[in-house]
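Source file: structure-v5.txt. Holds: compact mmCIF, C-alpha atoms.
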```
# COMPACT_ATOMS: atom_id res chain seq x y z
CA MET A 1 0.00 0.00 0.00
CA PRO A 2 2.11 2.96 -1.26
CA GLY A 3 2.08 5.88 1.15
CA VAL A 4 0.10 4.00 3.79
CA ARG A 5 1.08 1.59 6.58
CA TYR A 6 -1.14 -1.05 8.20
CA GLU A 7 -0.31 -2.81 11.46
CA VAL A 8 -2.36 -4.58 14.12
CA VAL A 9 -1.48 -4.11 17.80
CA ASP A 10 -3.55 -6.12 20.29
CA ARG A 11 -6.60 -6.25 17.99
CA VAL A 12 -6.29 -2.56 17.08
CA ALA A 13 -5.47 -1.85 13.42
CA TRP A 14 -3.39 1.29 12.85
CA LEU A 15 -3.76 2.71 9.34
CA THR A 16 -1.14 5.44 8.96
CA ILE A 17 -0.86 7.89 6.07
CA ASP A 18 2.90 7.82 5.57
CA HIS A 19 3.66 10.84 3.39
CA PRO A 20 4.92 13.37 5.97
CA ASP A 21 7.08 15.39 3.57
CA ALA A 22 3.87 16.45 1.81
CA ARG A 23 1.92 16.83 5.07
CA ASN A 24 0.25 13.48 4.32
CA ALA A 25 -1.61 14.97 1.36
CA LEU A 26 -4.03 12.78 -0.54
CA SER A 27 -2.05 11.85 -3.63
CA ALA A 28 -3.37 9.12 -5.91
CA ALA A 29 -1.02 6.63 -4.26
CA VAL A 30 -2.18 7.58 -0.76
CA ARG A 31 -5.83 7.37 -1.77
CA ALA A 32 -5.31 3.91 -3.24
CA GLY A 33 -3.51 2.88 -0.07
CA LEU A 34 -6.37 4.12 2.09
CA TRP A 35 -8.89 2.13 0.08
CA ALA A 36 -6.74 -1.00 0.36
CA GLY A 37 -6.16 -0.47 4.08
CA VAL A 38 -9.82 0.07 4.94
CA ARG A 39 -10.87 -2.99 2.95
CA ARG A 40 -8.16 -5.00 4.68
CA PHE A 41 -9.46 -3.92 8.09
CA VAL A 42 -13.06 -4.81 7.23
CA ASP A 43 -11.93 -8.34 6.30
CA ASP A 44 -9.35 -8.69 9.10
CA GLY A 45 -10.66 -11.02 11.80
CA SER A 46 -7.72 -10.14 14.05
CA ALA A 47 -8.67 -6.43 14.18
CA ALA A 48 -11.67 -5.13 16.14
CA VAL A 49 -11.05 -1.37 15.92
CA LEU A 50 -9.46 0.82 13.24
CA VAL A 51 -7.30 3.83 14.09
CA LEU A 52 -6.61 6.26 11.27
CA THR A 53 -3.65 8.61 11.74
CA GLY A 54 -0.81 10.38 9.94
CA ALA A 55 2.96 10.03 10.11
CA GLY A 56 5.03 12.78 11.71
CA GLU A 57 3.98 15.62 13.99
CA ARG A 58 2.83 18.28 11.53
CA ALA A 59 -0.18 16.81 9.83
CA PHE A 60 -2.87 14.19 10.16
CA CYS A 61 -3.72 14.99 6.55
CA ALA A 62 -3.56 18.40 4.87
CA GLY A 63 -6.15 17.45 2.25
CA GLY A 64 -5.92 16.88 -1.47
CA ASP A 65 -2.64 17.04 -3.36
CA LEU A 66 -3.31 20.42 -5.01
CA LYS A 67 -0.36 20.15 -7.41
CA GLU A 68 -1.63 16.79 -8.62
CA MET A 69 -5.19 18.13 -8.85
CA ALA A 70 -4.02 21.14 -10.89
CA ALA A 71 -2.00 18.94 -13.24
CA GLU A 72 -4.97 16.68 -13.83
CA ARG A 73 -7.47 19.59 -13.92
CA LEU A 74 -9.70 17.67 -11.51
CA GLU A 75 -13.26 18.98 -11.48
CA VAL A 76 -15.84 16.91 -9.57
CA PRO A 77 -14.07 14.16 -7.61
CA PRO A 78 -15.46 10.71 -8.46
CA PRO A 79 -17.58 8.89 -5.84
CA ASP A 80 -14.65 6.62 -4.98
CA PHE A 81 -12.10 9.44 -4.63
CA LEU A 82 -11.67 8.59 -0.93
CA PRO A 83 -13.13 5.95 1.37
CA GLN A 84 -15.98 7.64 3.23
CA PHE A 85 -17.08 5.33 6.02
CA GLY A 86 -20.79 4.66 5.90
CA ARG A 87 -21.20 6.43 2.55
CA ASN A 88 -19.23 4.61 -0.13
CA ILE A 89 -17.92 1.76 2.02
CA ASP A 90 -19.54 -0.09 4.91
CA VAL A 91 -17.25 -0.30 7.93
CA PRO A 92 -19.27 -2.12 10.62
CA LYS A 93 -16.46 -2.10 13.20
CA PRO A 94 -15.57 1.06 15.18
CA THR A 95 -13.13 3.64 13.83
CA ILE A 96 -11.06 6.27 15.61
CA ALA A 97 -9.16 9.23 14.14
CA ALA A 98 -5.90 9.97 16.00
CA VAL A 99 -5.34 13.51 14.77
CA ASN A 100 -1.65 14.28 15.15
CA GLY A 101 -1.58 17.67 13.41
CA VAL A 102 -3.60 19.61 10.85
CA ALA A 103 -6.73 17.97 9.45
CA TYR A 104 -7.70 20.20 6.55
CA ALA A 105 -10.14 19.67 3.67
CA GLY A 106 -9.90 15.96 2.77
CA GLY A 107 -8.12 15.42 6.08
CA PHE A 108 -11.12 16.94 7.85
CA LEU A 109 -13.30 14.56 5.82
CA LEU A 110 -11.34 11.53 7.03
CA ALA A 111 -11.54 12.62 10.68
CA GLN A 112 -15.23 13.51 10.36
CA GLN A 113 -16.09 10.05 9.03
CA CYS A 114 -14.53 8.24 12.00
CA ASP A 115 -16.75 7.29 14.92
CA LEU A 116 -14.46 8.84 17.54
CA VAL A 117 -11.74 11.49 17.35
CA VAL A 118 -8.80 12.03 19.69
CA ALA A 119 -6.60 15.03 18.93
CA ALA A 120 -3.13 16.15 19.91
CA GLU A 121 -3.03 19.55 21.61
CA HIS A 122 -1.56 21.22 18.52
CA ALA A 123 -4.08 19.70 16.07
CA ARG A 124 -6.23 21.98 13.97
CA PHE A 125 -9.29 21.31 11.83
CA ALA A 126 -10.57 23.20 8.80
CA VAL A 127 -12.82 22.82 5.79
CA THR A 128 -10.67 25.06 3.57
CA GLU A 129 -12.52 24.57 0.29
CA VAL A 130 -13.93 28.12 0.23
CA LYS A 131 -10.37 29.47 0.27
CA VAL A 132 -9.33 27.54 -2.87
CA GLY A 133 -12.58 27.53 -4.84
CA ARG A 134 -13.27 23.84 -4.32
CA GLY A 135 -16.32 22.02 -2.91
CA ALA A 136 -17.16 20.07 0.24
CA PRO A 137 -20.39 18.10 -0.35
CA TRP A 138 -18.98 15.50 2.03
CA ALA A 139 -19.45 18.02 4.88
CA ALA A 140 -23.23 17.51 4.81
CA PRO A 141 -23.19 15.56 8.15
CA LEU A 142 -21.24 18.31 9.92
CA SER A 143 -24.29 20.06 11.39
CA TRP A 144 -25.25 16.71 12.99
CA LEU A 145 -21.84 16.45 14.66
CA VAL A 146 -21.59 20.04 15.94
CA PRO A 147 -24.15 22.82 16.52
CA PRO A 148 -25.47 24.19 13.20
CA ARG A 149 -24.05 27.68 13.71
CA VAL A 150 -20.62 26.22 14.45
CA ALA A 151 -20.86 24.12 11.29
CA MET A 152 -21.83 27.25 9.35
CA GLU A 153 -18.81 29.15 10.68
CA ILE A 154 -16.45 26.30 9.79
CA LEU A 155 -17.84 26.03 6.26
CA LEU A 156 -18.19 29.75 5.44
CA THR A 157 -14.87 31.02 6.80
CA GLY A 158 -12.58 28.10 6.06
CA ASP A 159 -10.67 29.16 9.18
CA PRO A 160 -8.94 26.57 11.36
CA VAL A 161 -10.48 25.36 14.61
CA ASP A 162 -7.88 24.53 17.26
CA ALA A 163 -8.05 21.40 19.40
CA PRO A 164 -9.50 23.01 22.57
CA ARG A 165 -12.28 24.65 20.54
CA ALA A 166 -12.93 21.37 18.69
CA LEU A 167 -13.34 19.65 22.07
CA GLN A 168 -15.65 22.40 23.31
CA VAL A 169 -18.04 22.10 20.36
CA GLY A 170 -18.01 18.29 20.33
CA LEU A 171 -16.00 17.74 17.15
CA VAL A 172 -13.49 15.62 19.09
CA ASN A 173 -13.77 13.32 22.10
CA ASP A 174 -10.48 14.10 23.79
CA VAL A 175 -7.39 16.29 23.52
CA VAL A 176 -4.04 15.04 24.79
CA PRO A 177 -0.36 16.02 24.63
CA ALA A 178 1.16 14.96 21.32
CA ALA A 179 3.60 12.60 23.03
CA GLY A 180 0.71 10.68 24.60
CA LEU A 181 -1.61 10.52 21.58
CA ARG A 182 -0.79 6.98 20.44
CA ALA A 183 -0.95 5.53 23.95
CA ARG A 184 -4.26 7.25 24.69
CA VAL A 185 -5.85 6.05 21.46
CA GLN A 186 -4.51 2.51 21.86
CA GLU A 187 -5.97 2.39 25.37
CA LEU A 188 -9.35 3.68 24.17
CA ALA A 189 -9.42 1.27 21.23
CA SER A 190 -8.41 -1.65 23.45
CA ARG A 191 -11.31 -0.96 25.81
CA ILE A 192 -13.69 -1.07 22.87
CA ALA A 193 -12.06 -4.21 21.46
CA ALA A 194 -12.55 -5.98 24.81
CA ASN A 195 -16.33 -5.63 24.59
CA ALA A 196 -18.77 -8.06 22.99
CA PRO A 197 -18.27 -7.62 19.24
CA LEU A 198 -21.91 -8.05 18.21
CA SER A 199 -23.01 -5.51 20.79
CA VAL A 200 -20.31 -3.05 19.71
CA ARG A 201 -21.33 -3.22 16.06
CA ALA A 202 -25.02 -2.87 16.91
CA ALA A 203 -24.24 0.08 19.18
CA LYS A 204 -22.40 1.82 16.35
CA ARG A 205 -25.34 1.37 13.97
CA THR A 206 -27.79 2.56 16.62
CA ALA A 207 -25.84 5.76 17.28
CA TYR A 208 -26.29 6.89 13.68
CA LEU A 209 -30.02 6.18 13.43
CA SER A 210 -31.16 9.59 14.66
CA ALA A 211 -29.22 11.26 11.85
CA SER A 212 -31.41 9.69 9.19
CA HIS A 213 -34.68 8.56 10.83
CA PRO A 214 -37.49 10.18 12.85
CA ARG A 215 -37.60 9.03 16.47
CA ASP A 216 -40.28 6.35 16.06
CA GLU A 217 -38.51 4.87 13.04
CA ALA A 218 -35.19 5.01 14.86
CA TYR A 219 -36.64 2.97 17.72
CA ALA A 220 -38.06 0.39 15.29
CA ARG A 221 -34.79 0.08 13.40
CA ALA A 222 -32.89 -0.23 16.69
CA GLU A 223 -35.08 -3.13 17.74
CA GLU A 224 -34.25 -4.90 14.46
CA ILE A 225 -30.53 -4.21 14.86
CA TRP A 226 -30.37 -5.56 18.41
CA ALA A 227 -32.59 -8.64 17.97
CA PRO A 228 -29.73 -10.88 16.75
CA VAL A 229 -27.56 -9.66 19.63
CA TYR A 230 -30.14 -10.75 22.21
CA ALA A 231 -30.36 -14.15 20.50
CA SER A 232 -26.58 -14.69 20.40
CA SER A 233 -24.50 -16.95 22.62
CA ASP A 234 -22.55 -13.87 23.72
CA ALA A 235 -25.75 -12.53 25.32
CA GLN A 236 -25.67 -15.55 27.63
CA GLU A 237 -21.90 -15.47 28.11
CA GLY A 238 -21.89 -11.95 29.57
CA PRO A 239 -24.22 -12.65 32.52
CA ALA A 240 -22.59 -16.07 33.08
CA ALA A 241 -19.13 -14.50 33.26
CA PHE A 242 -20.41 -11.90 35.72
CA ARG A 243 -21.96 -14.65 37.86
CA ASP A 244 -18.75 -16.70 37.78
CA ARG A 245 -16.52 -13.66 38.37
CA ARG A 246 -14.42 -14.27 35.27
CA THR A 247 -13.56 -12.45 32.06
CA PRO A 248 -16.10 -13.10 29.29
CA VAL A 249 -14.98 -15.16 26.30
CA TRP A 250 -16.72 -13.58 23.33
CA LYS A 251 -17.46 -15.66 20.23
CA GLY A 252 -19.10 -12.96 18.15
CA ALA A 253 -22.04 -15.28 17.63
```

Now that the file is in, can you turn its structure into structure tokens?
Amino acid sequence: MPGVRYEVVDRVAWLTIDHPDARNALSAAVRAGLWAGVRRFVDDGSAAVLVLTGAGERAFCAGGDLKEMAAERLEVPPPDFLPQFGRNIDVPKPTIAAVNGVAYAGGFLLAQQCDLVVAAEHARFAVTEVKVGRGAPWAAPLSWLVPPRVAMEILLTGDPVDAPRALQVGLVNDVVPAAGLRARVQELASRIAANAPLSVRAAKRTAYLSASHPRDEAYARAEEIWAPVYASSDAQEGPAAFRDRRTPVWKGA
């Protein structure tokens, strides 16, 4: 996977954009590597959680490779330009963005699509498209993630939002010193990976229901999502392990 590294540490898959000299910009090679890495994670039985991050300390991802885009005279990006979790690729397992620097434009997109976001103290977020005459249709869910007026400010100004402000408005879950980012995210991912896998996947699907369904429909869909979980062997294993004072052995079935 050119420009991208994939490694699994204690059931946590780390997918790292490894193009730091270009601030981890989204060149064609990096985009292809991201697609390959995400598909690998989806099919990887040894990995329960995906962490997406960037190499180096400057950038998580600075967005599209503008030189490459200018050379190719890119107009409307194709639907498969980037993997967008839940839009053009189904990723049923949890995802976390470990934002180690700037997350601009396409980098903002990648962080936005993850289920959780942990940022280094020096991280910054921006949808910069208005500053370069490009478009951000992928930002449609932003007003579901943060208050609508905050989303409007981010989209209309193109100005960066620093990590403390991102935490304040709910764009990120946690802000930590840069030196502790990997350890904090690994610990968070490991806690998720230790839980019952069917329940985790159902919980992820449930959390997104209110974004696309009225309340009554969301309840009905949630009942359908959780029915197989209740009927699984893991649903019996959890209470039995609690009774026996032991660690549950999940089968994912």

Fewer than 5 positions away in the same chain doesn't count, so skip those; otherwise give me all residues within 9 Å of Gln186 (chain A), counting all atoms listed in the file, as a PDB file with C-alpha atoms, in the coordinates of the input.
```pdb
ATOM      1  CA  VAL A   9      -1.480  -4.110  17.800  1.00  0.00           C
ATOM      2  CA  ASP A  10      -3.550  -6.120  20.290  1.00  0.00           C
ATOM      3  CA  VAL A  12      -6.290  -2.560  17.080  1.00  0.00           C
ATOM      4  CA  VAL A  51      -7.300   3.830  14.090  1.00  0.00           C
ATOM      5  CA  LEU A 181      -1.610  10.520  21.580  1.00  0.00           C
ATOM      6  CA  ARG A 191     -11.310  -0.960  25.810  1.00  0.00           C
TER       7      ARG A 191
END
```

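Atom pair CA of Ala62 (chain A) / CA of His19 (chain A): separated by 10.6 Å.
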
TODO: Point out the residue among A:Val8, A:Val150, A:Ile17, A:Ala179 with the least atom-to-atom distance to Gly63 (chain A), counting all atoms listed in the file.
DONE: A:Ile17

Give one line per residue of region 68-171 of chain A that approaches region 196-215 of chain A to at most 10 Å, naming the two atoms of the closest pair and their distance in Å to one decimal, counting all atoms listed in the file; sort by chain then ascending residue number and deliver it as a Markdown table.
```
| residue | atom | partner | partner_atom | distance |
| --- | --- | --- | --- | --- |
| A:Gly86 | CA | A:Tyr208 | CA | 9.8 |
| A:Val91 | CA | A:Arg201 | CA | 9.6 |
| A:Pro92 | CA | A:Arg201 | CA | 5.9 |
| A:Lys93 | CA | A:Arg201 | CA | 5.8 |
| A:Pro94 | CA | A:Lys204 | CA | 7.0 |
| A:Thr95 | CA | A:Lys204 | CA | 9.8 |
| A:Asp115 | CA | A:Lys204 | CA | 8.0 |
| A:Pro141 | CA | A:Ala211 | CA | 8.3 |
| A:Trp144 | CA | A:Ala211 | CA | 6.8 |
| A:Leu145 | CA | A:Ala211 | CA | 9.4 |
```

At a cut-off of 9 Å, can you tabulate as CSV every residue of region 152-216 of chain A near region 98-106 of chain A together with its closest atom pair and the distance in Å to one decimal, using all atoms listed in the file and ordering rows by chain then number?
```
residue,atom,partner,partner_atom,distance
A:Pro160,CA,A:Tyr104,CA,8.1
A:Ala178,CA,A:Asn100,CA,6.8
A:Leu181,CA,A:Ala98,CA,7.1
A:Arg182,CA,A:Ala98,CA,7.4
A:Val185,CA,A:Ala98,CA,6.7
```

Show me, as AutoDock Vina command-line options, the centre and edge lengths in Å to one decimal of the axis-aligned box that covers every listed atom of region 133-151 of chain A with 8 Å on each side.
```
--center_x -19.0 --center_y 21.6 --center_z 5.8 --size_x 28.9 --size_y 28.2 --size_z 37.4
```
